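Coordinates as given in entry28.txt (compact mmCIF, C-alpha atoms):
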# COMPACT_ATOMS: atom_id res chain seq x y z
CA MET A 1 0.93 -2.68 -47.11
CA GLN A 2 -0.65 -5.80 -45.58
CA TYR A 3 1.15 -6.90 -42.40
CA PRO A 4 1.06 -10.44 -40.98
CA ILE A 5 -1.68 -10.88 -38.38
CA PHE A 6 -1.51 -12.98 -35.21
CA LYS A 7 -4.57 -15.23 -35.43
CA ASP A 8 -6.23 -17.41 -32.82
CA GLU A 9 -4.97 -20.61 -34.42
CA MET A 10 -1.36 -19.46 -33.89
CA LYS A 11 -1.83 -19.47 -30.13
CA SER A 12 -0.60 -23.01 -29.55
CA THR A 13 2.30 -23.01 -32.01
CA TYR A 14 3.85 -19.53 -31.78
CA THR A 15 6.32 -18.12 -29.25
CA ILE A 16 5.43 -14.55 -28.29
CA LEU A 17 8.42 -12.39 -27.32
CA VAL A 18 8.02 -9.51 -24.86
CA PRO A 19 10.63 -6.75 -24.27
CA ASP A 20 12.15 -6.38 -20.83
CA MET A 21 10.70 -3.30 -19.12
CA LEU A 22 9.73 -4.53 -15.65
CA PRO A 23 11.61 -7.75 -14.87
CA VAL A 24 9.76 -8.47 -11.60
CA HIS A 25 6.26 -7.57 -12.81
CA PHE A 26 6.54 -9.08 -16.29
CA LYS A 27 7.65 -12.46 -14.94
CA LEU A 28 4.36 -12.62 -13.05
CA ILE A 29 2.28 -11.30 -15.94
CA ILE A 30 3.66 -13.64 -18.62
CA ASN A 31 2.83 -16.61 -16.40
CA ILE A 32 -0.80 -15.46 -16.38
CA PHE A 33 -0.78 -15.36 -20.19
CA LYS A 34 0.78 -18.84 -20.27
CA LYS A 35 -2.12 -20.21 -18.22
CA TYR A 36 -4.44 -18.98 -20.98
CA GLY A 37 -2.48 -20.89 -23.60
CA TYR A 38 -0.10 -18.22 -24.87
CA ASN A 39 3.58 -19.20 -25.02
CA VAL A 40 5.06 -15.88 -23.89
CA GLU A 41 8.78 -15.36 -23.27
CA LEU A 42 10.45 -12.36 -21.61
CA LEU A 43 13.59 -11.11 -23.35
CA GLN A 44 16.33 -10.15 -20.89
CA THR A 45 19.30 -9.47 -23.15
CA SER A 46 21.07 -6.25 -22.21
CA THR A 47 24.23 -6.24 -24.31
CA ARG A 48 25.49 -3.48 -26.58
CA ALA A 49 24.26 -5.60 -29.50
CA VAL A 50 20.70 -4.58 -28.57
CA VAL A 51 21.58 -0.90 -28.93
CA ASP A 52 23.48 -1.53 -32.17
CA GLU A 53 20.54 -3.38 -33.72
CA GLY A 54 18.28 -0.54 -32.68
CA LEU A 55 20.57 2.01 -34.32
CA LYS A 56 20.64 -0.03 -37.53
CA ASN A 57 16.86 -0.22 -37.76
CA VAL A 58 15.57 2.99 -36.16
CA HIS A 59 16.50 6.61 -36.84
CA ASN A 60 18.73 8.06 -34.10
CA ASP A 61 16.21 10.85 -33.46
CA THR A 62 13.60 8.31 -32.44
CA CYS A 63 12.71 7.81 -28.78
CA TYR A 64 15.42 5.78 -27.00
CA PRO A 65 12.92 3.23 -25.57
CA ALA A 66 11.69 2.54 -29.12
CA LEU A 67 15.26 2.01 -30.27
CA LEU A 68 15.90 -0.44 -27.40
CA VAL A 69 12.65 -2.36 -27.75
CA ILE A 70 13.10 -2.80 -31.50
CA GLY A 71 16.80 -3.57 -31.08
CA GLN A 72 16.02 -6.25 -28.51
CA PHE A 73 13.43 -7.85 -30.79
CA ILE A 74 15.70 -7.87 -33.86
CA ASP A 75 18.65 -9.15 -31.80
CA ALA A 76 16.48 -12.02 -30.53
CA LEU A 77 15.26 -12.94 -34.03
CA LYS A 78 18.84 -12.95 -35.33
CA SER A 79 20.15 -15.01 -32.41
CA GLY A 80 18.95 -18.33 -33.86
CA ARG A 81 17.05 -19.18 -30.67
CA TYR A 82 13.67 -18.61 -32.32
CA ASP A 83 12.05 -19.75 -35.55
CA PRO A 84 10.91 -16.54 -37.30
CA ASN A 85 8.10 -18.55 -38.92
CA LYS A 86 6.72 -19.43 -35.48
CA THR A 87 7.48 -16.25 -33.54
CA ALA A 88 5.39 -13.16 -32.79
CA LEU A 89 6.35 -9.95 -31.04
CA MET A 90 4.18 -8.17 -28.47
CA ILE A 91 4.43 -4.57 -27.28
CA THR A 92 2.16 -2.39 -25.16
CA GLN A 93 0.61 0.81 -26.50
CA THR A 94 -0.98 3.53 -24.39
CA GLY A 95 -2.13 5.55 -27.39
CA GLY A 96 -0.55 8.72 -26.00
CA GLY A 97 0.41 11.68 -28.16
CA CYS A 98 4.16 11.10 -28.21
CA ARG A 99 6.75 9.14 -30.16
CA ALA A 100 5.81 6.01 -28.20
CA SER A 101 2.62 5.79 -30.23
CA ASN A 102 4.77 5.03 -33.31
CA TYR A 103 6.67 2.07 -31.81
CA ILE A 104 4.53 -0.53 -33.52
CA HIS A 105 4.85 1.09 -36.95
CA LEU A 106 8.60 1.52 -36.55
CA LEU A 107 8.88 -2.13 -35.50
CA ARG A 108 6.95 -3.35 -38.54
CA LYS A 109 9.15 -1.22 -40.79
CA ALA A 110 12.28 -2.71 -39.17
CA LEU A 111 10.96 -6.26 -39.68
CA LYS A 112 10.05 -5.68 -43.33
CA LYS A 113 13.51 -6.40 -44.76
CA GLU A 114 14.57 -9.59 -42.94
CA PHE A 115 11.54 -10.87 -41.02
CA PRO A 116 8.41 -9.81 -42.91
CA GLN A 117 6.55 -12.95 -41.78
CA VAL A 118 6.72 -12.06 -38.06
CA PRO A 119 3.41 -10.66 -36.72
CA VAL A 120 3.39 -7.81 -34.19
CA ILE A 121 0.77 -7.82 -31.44
CA SER A 122 -0.38 -4.57 -29.87
CA LEU A 123 -1.40 -5.01 -26.23
CA ASN A 124 -3.60 -2.03 -25.41
CA LEU A 125 -6.91 -0.98 -23.91
CA SER A 126 -7.33 2.03 -26.20
CA GLY A 127 -8.97 0.30 -29.15
CA LEU A 128 -5.84 0.60 -31.28
CA GLU A 129 -4.97 -1.82 -34.09
CA LYS A 130 -8.54 -2.94 -34.71
CA GLY A 131 -8.67 -5.72 -37.27
CA MET A 132 -5.00 -6.59 -36.73
CA GLY A 133 -5.60 -9.64 -34.56
CA GLY A 134 -3.76 -10.22 -31.30
CA ILE A 135 -4.40 -11.52 -27.82
CA HIS A 136 -7.96 -11.45 -26.55
CA ILE A 137 -7.93 -9.93 -23.08
CA THR A 138 -10.81 -11.26 -21.01
CA ALA A 139 -12.08 -9.76 -17.75
CA PRO A 140 -10.44 -12.53 -15.62
CA MET A 141 -7.10 -12.00 -17.43
CA LEU A 142 -7.32 -8.25 -16.85
CA LEU A 143 -8.12 -8.70 -13.17
CA LYS A 144 -5.25 -11.15 -12.70
CA THR A 145 -2.88 -8.79 -14.51
CA LEU A 146 -3.92 -5.97 -12.17
CA TYR A 147 -3.14 -8.12 -9.15
CA ALA A 148 0.17 -9.18 -10.72
CA VAL A 149 1.07 -5.48 -10.89
CA ILE A 150 0.13 -5.08 -7.21
CA TYR A 151 2.18 -8.09 -6.06
CA GLY A 152 5.04 -7.05 -8.37
CA ASP A 153 5.05 -3.57 -6.84
CA LEU A 154 5.23 -5.08 -3.36
CA LEU A 155 8.16 -7.35 -4.28
CA MET A 156 9.99 -4.44 -5.94
CA SER A 157 9.46 -2.12 -2.98
CA LEU A 158 10.40 -4.61 -0.27
CA TYR A 159 13.46 -5.73 -2.21
CA ASN A 160 14.75 -2.17 -2.36
CA GLN A 161 14.00 -1.61 1.33
CA CYS A 162 15.89 -4.75 2.38
CA LYS A 163 18.71 -5.20 -0.13
CA PRO A 164 20.92 -2.29 1.03
CA TYR A 165 20.82 -3.54 4.63
CA GLU A 166 20.98 -7.34 4.34
CA ILE A 167 23.64 -8.90 6.55
CA ASN A 168 23.88 -12.19 4.62
CA LYS A 169 24.48 -11.42 0.96
CA GLY A 170 21.84 -12.90 -1.34
CA ASP A 171 19.07 -13.27 1.26
CA THR A 172 16.91 -10.59 -0.37
CA GLU A 173 17.20 -12.15 -3.83
CA ARG A 174 16.26 -15.54 -2.43
CA VAL A 175 13.08 -14.21 -0.83
CA ARG A 176 12.09 -12.35 -3.98
CA GLU A 177 12.76 -15.38 -6.19
CA LYS A 178 10.78 -17.58 -3.79
CA TRP A 179 7.69 -15.43 -4.28
CA GLN A 180 8.20 -15.01 -8.02
CA LYS A 181 8.02 -18.80 -8.25
CA LYS A 182 5.16 -19.18 -5.76
CA LEU A 183 2.79 -16.45 -6.98
CA PRO A 184 2.02 -17.96 -10.43
CA GLY A 185 0.42 -20.92 -8.62
CA VAL A 186 -1.66 -18.50 -6.57
CA PHE A 187 -3.12 -17.11 -9.79
CA ASP A 188 -4.31 -20.57 -10.86
CA LYS A 189 -7.22 -20.21 -8.45
CA ARG A 190 -9.05 -17.28 -6.91
CA GLU A 191 -6.43 -17.26 -4.17
CA PHE A 192 -4.80 -14.17 -5.68
CA LEU A 193 -7.79 -12.12 -4.44
CA LYS A 194 -6.80 -12.86 -0.82
CA LEU A 195 -4.65 -9.75 -0.62
CA LYS A 196 -4.17 -9.67 3.12
CA LYS A 197 -3.13 -13.32 3.32
CA TYR A 198 -0.45 -13.10 0.64
CA CYS A 199 0.73 -9.53 1.24
CA MET A 200 1.18 -10.30 4.92
CA ALA A 201 3.07 -13.52 4.09
CA ILE A 202 5.37 -11.61 1.72
CA LEU A 203 5.93 -8.86 4.31
CA LYS A 204 6.81 -11.41 6.99
CA ASP A 205 9.25 -13.21 4.69
CA PHE A 206 11.11 -10.02 3.84
CA ASP A 207 11.04 -8.96 7.49
CA SER A 208 12.76 -12.24 8.42
CA ILE A 209 15.85 -11.12 6.49
CA LYS A 210 18.61 -10.10 8.93
CA ARG A 211 19.34 -6.44 8.34
CA THR A 212 21.36 -3.56 9.73
CA LYS A 213 19.80 -0.26 10.79
CA ARG A 214 18.10 1.60 7.92
CA ASN A 215 20.27 4.70 7.62
CA LYS A 216 21.57 4.93 4.06
CA VAL A 217 21.03 7.73 1.55
CA ARG A 218 17.62 7.27 -0.05
CA VAL A 219 17.38 8.08 -3.75
CA GLY A 220 14.04 8.24 -5.53
CA ILE A 221 13.79 7.32 -9.21
CA VAL A 222 11.08 8.98 -11.31
CA GLY A 223 10.71 9.68 -15.03
CA GLU A 224 9.54 8.17 -18.30
CA ILE A 225 8.03 4.76 -17.61
CA TYR A 226 10.37 2.59 -19.71
CA VAL A 227 13.59 4.30 -18.65
CA LYS A 228 12.47 4.46 -15.02
CA TYR A 229 11.94 0.72 -14.71
CA SER A 230 14.02 -1.02 -17.39
CA PRO A 231 17.58 -2.00 -16.37
CA LEU A 232 18.46 -2.10 -20.07
CA ALA A 233 17.34 1.50 -20.58
CA ASN A 234 18.75 3.05 -17.41
CA ASN A 235 22.05 1.14 -17.40
CA HIS A 236 21.06 -0.85 -14.29
CA LEU A 237 20.46 2.30 -12.26
CA GLU A 238 19.12 0.53 -9.17
CA GLU A 239 22.17 -1.77 -9.06
CA PHE A 240 24.48 1.24 -9.42
CA LEU A 241 22.78 3.07 -6.54
CA LEU A 242 23.09 -0.05 -4.37
CA SER A 243 26.80 -0.25 -5.22
CA GLU A 244 27.16 3.39 -4.12
CA GLY A 245 25.69 2.59 -0.71
CA CYS A 246 22.24 4.02 -1.39
CA GLU A 247 18.69 2.81 -0.96
CA PRO A 248 16.77 3.15 -4.26
CA ILE A 249 13.11 4.09 -3.99
CA VAL A 250 11.06 3.42 -7.12
CA PRO A 251 7.38 4.46 -7.29
CA ALA A 252 4.88 1.68 -7.91
CA LEU A 253 3.77 0.75 -11.42
CA LEU A 254 0.20 0.92 -10.10
CA GLU A 255 0.65 4.69 -9.87
CA PHE A 256 1.15 4.86 -13.64
CA VAL A 257 -1.97 2.71 -14.17
CA MET A 258 -4.02 5.07 -11.99
CA TYR A 259 -2.45 8.10 -13.68
CA CYS A 260 -3.69 6.87 -17.08
CA LEU A 261 -7.19 6.29 -15.70
CA ALA A 262 -7.26 9.62 -13.86
CA GLY A 263 -6.08 11.44 -17.00
CA SER A 264 -9.09 10.29 -18.97
CA VAL A 265 -11.42 11.39 -16.16
CA ALA A 266 -9.66 14.77 -15.87
CA ASP A 267 -9.99 15.36 -19.62
CA SER A 268 -13.73 14.66 -19.53
CA ARG A 269 -14.11 17.20 -16.73
CA LEU A 270 -11.89 19.88 -18.27
CA TYR A 271 -13.51 19.63 -21.70
CA GLU A 272 -16.98 19.04 -20.23
CA HIS A 273 -17.44 16.01 -22.45
CA LYS A 274 -18.10 12.63 -20.87
CA THR A 275 -17.49 9.60 -23.06
CA LYS A 276 -17.78 5.87 -22.65
CA LYS A 277 -14.01 5.76 -22.15
CA SER A 278 -14.06 8.40 -19.40
CA ARG A 279 -16.91 6.63 -17.58
CA ILE A 280 -15.10 3.28 -17.72
CA SER A 281 -11.88 5.01 -16.61
CA ASP A 282 -13.68 6.55 -13.64
CA ILE A 283 -15.04 3.15 -12.56
CA GLY A 284 -11.61 1.59 -13.15
CA TYR A 285 -9.87 4.26 -11.11
CA ARG A 286 -12.21 3.76 -8.16
CA LEU A 287 -11.68 -0.01 -8.30
CA VAL A 288 -7.89 0.17 -8.55
CA HIS A 289 -7.65 2.89 -5.89
CA SER A 290 -9.74 0.82 -3.48
CA VAL A 291 -7.32 -2.09 -3.92
CA GLN A 292 -4.32 0.21 -3.46
CA LYS A 293 -5.78 1.48 -0.17
CA LYS A 294 -6.15 -2.11 1.03
CA VAL A 295 -2.47 -2.78 0.32
CA ILE A 296 -1.46 0.42 2.14
CA ARG A 297 -3.51 -0.62 5.19
CA ILE A 298 -1.92 -4.09 5.21
CA ILE A 299 1.63 -2.68 5.04
CA LYS A 300 0.88 -0.17 7.81
CA GLU A 301 -0.70 -2.90 9.91
CA HIS A 302 2.48 -4.96 9.55
CA GLY A 303 4.33 -1.86 10.71
CA VAL A 304 7.89 -2.41 9.47
CA PHE A 305 8.11 -1.26 5.85
CA ASP A 306 7.16 1.96 4.06
CA ALA A 307 3.84 1.86 2.21
CA PRO A 308 3.29 3.49 -1.20
CA HIS A 309 1.68 6.92 -1.37
CA ASP A 310 -2.10 7.00 -1.56
CA PHE A 311 -2.80 8.07 -5.13
CA ASP A 312 -5.43 10.60 -4.08
CA ASP A 313 -2.63 12.34 -2.15
CA ILE A 314 -0.42 12.26 -5.25
CA LYS A 315 -3.17 13.86 -7.32
CA ALA A 316 -3.58 16.57 -4.68
CA LEU A 317 0.17 17.23 -4.78
CA ALA A 318 0.07 17.52 -8.56
CA ASP A 319 -2.66 20.16 -8.25
CA LYS A 320 -0.27 22.33 -6.23
CA TYR A 321 2.15 22.57 -9.15
CA ILE A 322 0.50 21.71 -12.44
CA SER A 323 -2.90 21.04 -14.02
CA LEU A 324 -4.18 17.47 -14.18
CA GLY A 325 -4.87 18.25 -17.83
CA VAL A 326 -1.12 18.00 -18.50
CA ASN A 327 -1.17 14.29 -19.20
CA MET A 328 0.99 13.95 -22.29
CA GLY A 329 3.68 11.37 -21.71
CA GLU A 330 4.05 10.90 -17.94
CA GLY A 331 2.72 14.46 -17.56
CA TRP A 332 1.78 15.61 -14.08
CA LEU A 333 2.76 12.26 -12.58
CA ILE A 334 6.49 13.15 -12.63
CA PRO A 335 6.29 16.38 -10.59
CA ALA A 336 3.69 14.76 -8.31
CA GLU A 337 5.98 11.80 -7.57
CA MET A 338 8.93 14.12 -7.01
CA ALA A 339 6.88 16.19 -4.56
CA ALA A 340 5.57 13.06 -2.80
CA LEU A 341 9.12 11.73 -2.36
CA ALA A 342 10.40 15.09 -1.08
CA GLU A 343 7.51 15.42 1.40
CA THR A 344 8.16 11.98 2.87
CA GLY A 345 11.88 12.45 3.42
CA THR A 346 13.38 11.27 0.12
CA LYS A 347 14.84 14.54 -1.09
CA ASN A 348 17.45 12.98 -3.39
CA ILE A 349 15.71 12.32 -6.68
CA ILE A 350 16.87 11.14 -10.11
CA CYS A 351 14.58 11.90 -13.04
CA ALA A 352 15.42 9.35 -15.74
CA GLN A 353 14.22 10.18 -19.23
CA PRO A 354 14.99 9.54 -22.90
CA PHE A 355 16.90 12.39 -24.49
CA GLY A 356 14.55 14.61 -26.46
CA CYS A 357 11.39 13.33 -24.75
CA LEU A 358 9.54 16.63 -25.02
CA PRO A 359 6.63 15.98 -22.62
CA ASN A 360 8.91 14.67 -19.90
CA HIS A 361 11.59 17.33 -20.35
CA ILE A 362 8.92 19.98 -19.81
CA VAL A 363 7.23 18.42 -16.79
CA ALA A 364 10.42 17.07 -15.21
CA LYS A 365 13.12 19.67 -15.76
CA GLY A 366 10.55 22.43 -16.03
CA MET A 367 8.87 21.61 -12.71
CA SER A 368 11.93 20.69 -10.63
CA ARG A 369 12.66 24.34 -9.77
CA VAL A 370 9.25 25.00 -8.18
CA ILE A 371 9.46 21.71 -6.28
CA LYS A 372 12.87 22.73 -4.94
CA GLU A 373 11.40 26.07 -3.86
CA SER A 374 8.63 24.29 -1.97
CA HIS A 375 11.02 21.71 -0.49
CA PRO A 376 14.31 23.37 0.52
CA GLY A 377 17.09 20.83 0.36
CA ALA A 378 15.50 18.83 -2.45
CA ASN A 379 18.36 17.39 -4.49
CA ILE A 380 17.00 16.68 -7.98
CA VAL A 381 19.02 15.72 -11.05
CA ALA A 382 17.74 14.88 -14.55
CA ILE A 383 19.65 12.13 -16.34
CA ASP A 384 19.14 11.72 -20.07
CA TYR A 385 19.50 8.29 -21.68
CA ASP A 386 20.19 7.78 -25.37
CA PRO A 387 22.57 5.68 -27.52
CA GLY A 388 25.16 8.47 -27.57
CA ALA A 389 25.25 9.06 -23.82
CA THR A 390 28.02 7.15 -22.06
CA LYS A 391 27.37 5.19 -18.90
CA VAL A 392 30.42 6.84 -17.31
CA ASN A 393 29.04 10.35 -17.81
CA GLN A 394 25.63 9.34 -16.45
CA GLU A 395 27.16 7.72 -13.38
CA ASN A 396 29.48 10.68 -12.79
CA ARG A 397 26.50 13.04 -12.79
CA ILE A 398 24.76 10.78 -10.28
CA LYS A 399 27.91 10.64 -8.11
CA LEU A 400 28.00 14.45 -8.13
CA MET A 401 24.38 14.48 -6.98
CA LEU A 402 25.20 11.94 -4.24
CA ALA A 403 28.06 14.14 -3.03
CA ASN A 404 25.38 16.63 -1.95
CA ALA A 405 22.87 13.97 -0.90
CA GLN A 406 20.89 14.28 2.30
CA ARG A 407 20.71 11.34 4.65
CA PRO A 408 17.42 10.35 6.34
Could you rewrite the structure in this file as structure tokens?
Amino acid sequence: MQYPIFKDEMKSTYTILVPDMLPVHFKLIINIFKKYGYNVELLQTSTRAVVDEGLKNVHNDTCYPALLVIGQFIDALKSGRYDPNKTALMITQTGGGCRASNYIHLLRKALKKEFPQVPVISLNLSGLEKGMGGIHITAPMLLKTLYAVIYGDLLMSLYNQCKPYEINKGDTERVREKWQKKLPGVFDKREFLKLKKYCMAILKDFDSIKRTKRNKVRVGIVGEIYVKYSPLANNHLEEFLLSEGCEPIVPALLEFVMYCLAGSVADSRLYEHKTKKSRISDIGYRLVHSVQKKVIRIIKEHGVFDAPHDFDDIKALADKYISLGVNMGEGWLIPAEMAALAETGTKNIICAQPFGCLPNHIVAKGMSRVIKESHPGANIVAIDYDPGATKVNQENRIKLMLANAQRP
């Protein structure tokens, strides 16, 4: 079957909808795409109607993130807010060997009945969907997107380190919103490359928030990338932990980026077969890691907030438990992040994952025992998310975990 293709001439007239996975990061990223002439809009609906639309259009055995992404798209197209004849949908694809690789095909199948004219854009760096049109990612766009991830990670981390302790309610949101509005202008010029200038300014702004002593239960969140970050998928897990008097700690998105690059390099070494992709991944990893180390140095120089883990240390931790060749799904990244959290004092950990996500069930539930053996007192619970799981049951399991939680 011939599917509609997003062509260059549609750029100025079409609205491109993006599903809500990382609210902080995506708000920065879509503004970069807008500067290049793409009218991109972030969907933030999180009602039960999204789940219901997903269930109508996707088989219940399909990955929960796919069900939510497709449900959110269909719900938006049915809402009347968008002209289906002038709307395109965009999703990311990593090209991994799991159900996520089928999202785009499932989405096109779901559109076939009511919205066959709507083109689907695959945003990927794996060479997928050749000949199917889409957005042309240039080197400057890619570099700006990388820095948007870095600034988004900083805003996410500082928000979670300040929000539980703010004395004046709403101060933390105001600082975060200030920078979400300010940073798009920074990307208009080469100013975004001045990491120290802007990271230090962000750190000082968050540090100006009046806070109580940092002494609440710290809870790390790891797991499948969509469920880990998306409030829609994890039933607003960070907000729930804040309401329970906890400090949520969410690993940086940049760690997933480096994990993908490191996985390609590890495969080339394990199979003794270097390819163009593995060479580019190696160069990319070195570049991204060098930027991450700069951010870590800046945060440590400021001296108030916790810096992210150096990714070389995370890789070394993974080697203690599992091969770097285990890179299906989130693979070795999940046990490595759990171990990194436990080693740095965050022994209460939630592993959020879609029900039936085979790669993540194996590397998360399967590796939690050995991590507990290496880190006595580690308090790890796996929470499955799917359309049949009730929010009450999920929250009760988390409350049970918090009853045994260790304070810093």
What's around Ser157 of chain A at 10 Å? Count all atoms listed in the file, leave out sequence neighbours fewer than 4 positions away in its own chain, and write the answer as a PDB file with C-alpha atoms, in the frame of the given file.
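After the write, around-v7.pdb holds the following:
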ATOM      1  CA  TYR A 151       2.180  -8.090  -6.060  1.00  0.00           C
ATOM      2  CA  GLY A 152       5.040  -7.050  -8.370  1.00  0.00           C
ATOM      3  CA  ASP A 153       5.050  -3.570  -6.840  1.00  0.00           C
ATOM      4  CA  GLN A 161      14.000  -1.610   1.330  1.00  0.00           C
ATOM      5  CA  CYS A 162      15.890  -4.750   2.380  1.00  0.00           C
ATOM      6  CA  PRO A 248      16.770   3.150  -4.260  1.00  0.00           C
ATOM      7  CA  ILE A 249      13.110   4.090  -3.990  1.00  0.00           C
ATOM      8  CA  VAL A 250      11.060   3.420  -7.120  1.00  0.00           C
ATOM      9  CA  PRO A 251       7.380   4.460  -7.290  1.00  0.00           C
ATOM     10  CA  ALA A 252       4.880   1.680  -7.910  1.00  0.00           C
ATOM     11  CA  PHE A 305       8.110  -1.260   5.850  1.00  0.00           C
ATOM     12  CA  ASP A 306       7.160   1.960   4.060  1.00  0.00           C
ATOM     13  CA  ALA A 307       3.840   1.860   2.210  1.00  0.00           C
ATOM     14  CA  PRO A 308       3.290   3.490  -1.200  1.00  0.00           C
TER      15      PRO A 308
END
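The interatomic distance for the pair atom CA of Phe256 of chain A and atom CA of Phe73 of chain A works out to 24.6 Å.
Using all atoms listed in the file, the nearest neighbour of Arg397 of chain A within the list A:Gly303, A:Lys113, A:Ile350, A:Arg286 is A:Ile350.
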**OP:** May I have the residues within 9 Å of segment 41-49 of chain A as an MDAnalysis selection string, using all atoms listed in the file and disregarding those fewer than 2 positions away in the same chain?
**Re:** chainID A and resid 15:20 23 26:27 30 39 51:54 71:73 75:76 231:233 235
Quick one: everything within 10 Å of segment 289-302 of chain A, counting only C-alpha atoms, minus sequence neighbours fewer than 6 positions away in the same chain. Send it as a compact mmCIF listing (two decimals) with C-alpha atoms, in the coordinates of the input.
# COMPACT_ATOMS: atom_id res chain seq x y z
CA LEU A 146 -3.92 -5.97 -12.17
CA TYR A 147 -3.14 -8.12 -9.15
CA ILE A 150 0.13 -5.08 -7.21
CA TYR A 151 2.18 -8.09 -6.06
CA LEU A 154 5.23 -5.08 -3.36
CA LEU A 195 -4.65 -9.75 -0.62
CA LYS A 196 -4.17 -9.67 3.12
CA LYS A 197 -3.13 -13.32 3.32
CA CYS A 199 0.73 -9.53 1.24
CA MET A 200 1.18 -10.30 4.92
CA LEU A 203 5.93 -8.86 4.31
CA LYS A 204 6.81 -11.41 6.99
CA ASP A 207 11.04 -8.96 7.49
CA LEU A 254 0.20 0.92 -10.10
CA GLU A 255 0.65 4.69 -9.87
CA MET A 258 -4.02 5.07 -11.99
CA ILE A 283 -15.04 3.15 -12.56
CA PRO A 308 3.29 3.49 -1.20
CA HIS A 309 1.68 6.92 -1.37
CA ASP A 310 -2.10 7.00 -1.56
CA PHE A 311 -2.80 8.07 -5.13
CA ASP A 312 -5.43 10.60 -4.08
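Candidate residues A:Leu77, A:Leu324, A:Leu241, A:Val175 were compared for distance to Leu261 of chain A, and the nearest is A:Leu324, using all atoms listed in the file.
Interatomic distance, atom CA of Leu142 of chain A against atom CA of Phe6 of chain A: 19.8 Å.
Nearest-residue note for Ala66 of chain A: choosing from A:Ile362, A:Leu89, A:Leu107, A:Ala336, the minimum distance belongs to A:Leu107, counting all atoms listed in the file.
Considering the residues A:Ile70, A:Pro4, A:Thr138, A:Ser268 and counting all atoms listed in the file, Asn85 of chain A has its shortest atom-to-atom contact with A:Pro4.
Across A:His59, A:Lys189, A:His105, A:Asn160, the tightest approach to Pro140 of chain A is made by A:Lys189 when counting all atoms listed in the file.
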**OP:** Pick out the residues sitting within 9 Å of Met141 of chain A, and hand them over as number ranges by chain; count all atoms listed in the file, and ignore anything fewer than 6 positions along from it in its own chain.
**Re:** A: 32-33, 36
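Residues in contact with Leu67 of chain A at 8 Å, where only C-alpha atoms are counted and same-chain residues fewer than 5 positions away are skipped, are listed as Val51, Gly54, Leu55, Asn57, Val58, Asn60 and Thr62 of chain A.
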Subject >> From A:Leu143, A:Val118, A:Ala340, A:Ile135, residue lying nearest Leu193 of chain A [only C-alpha atoms] >> reply: A:Leu143
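Between atom CA of Lys320 of chain A and atom CA of Glu238 of chain A there is a distance of 29.3 Å.
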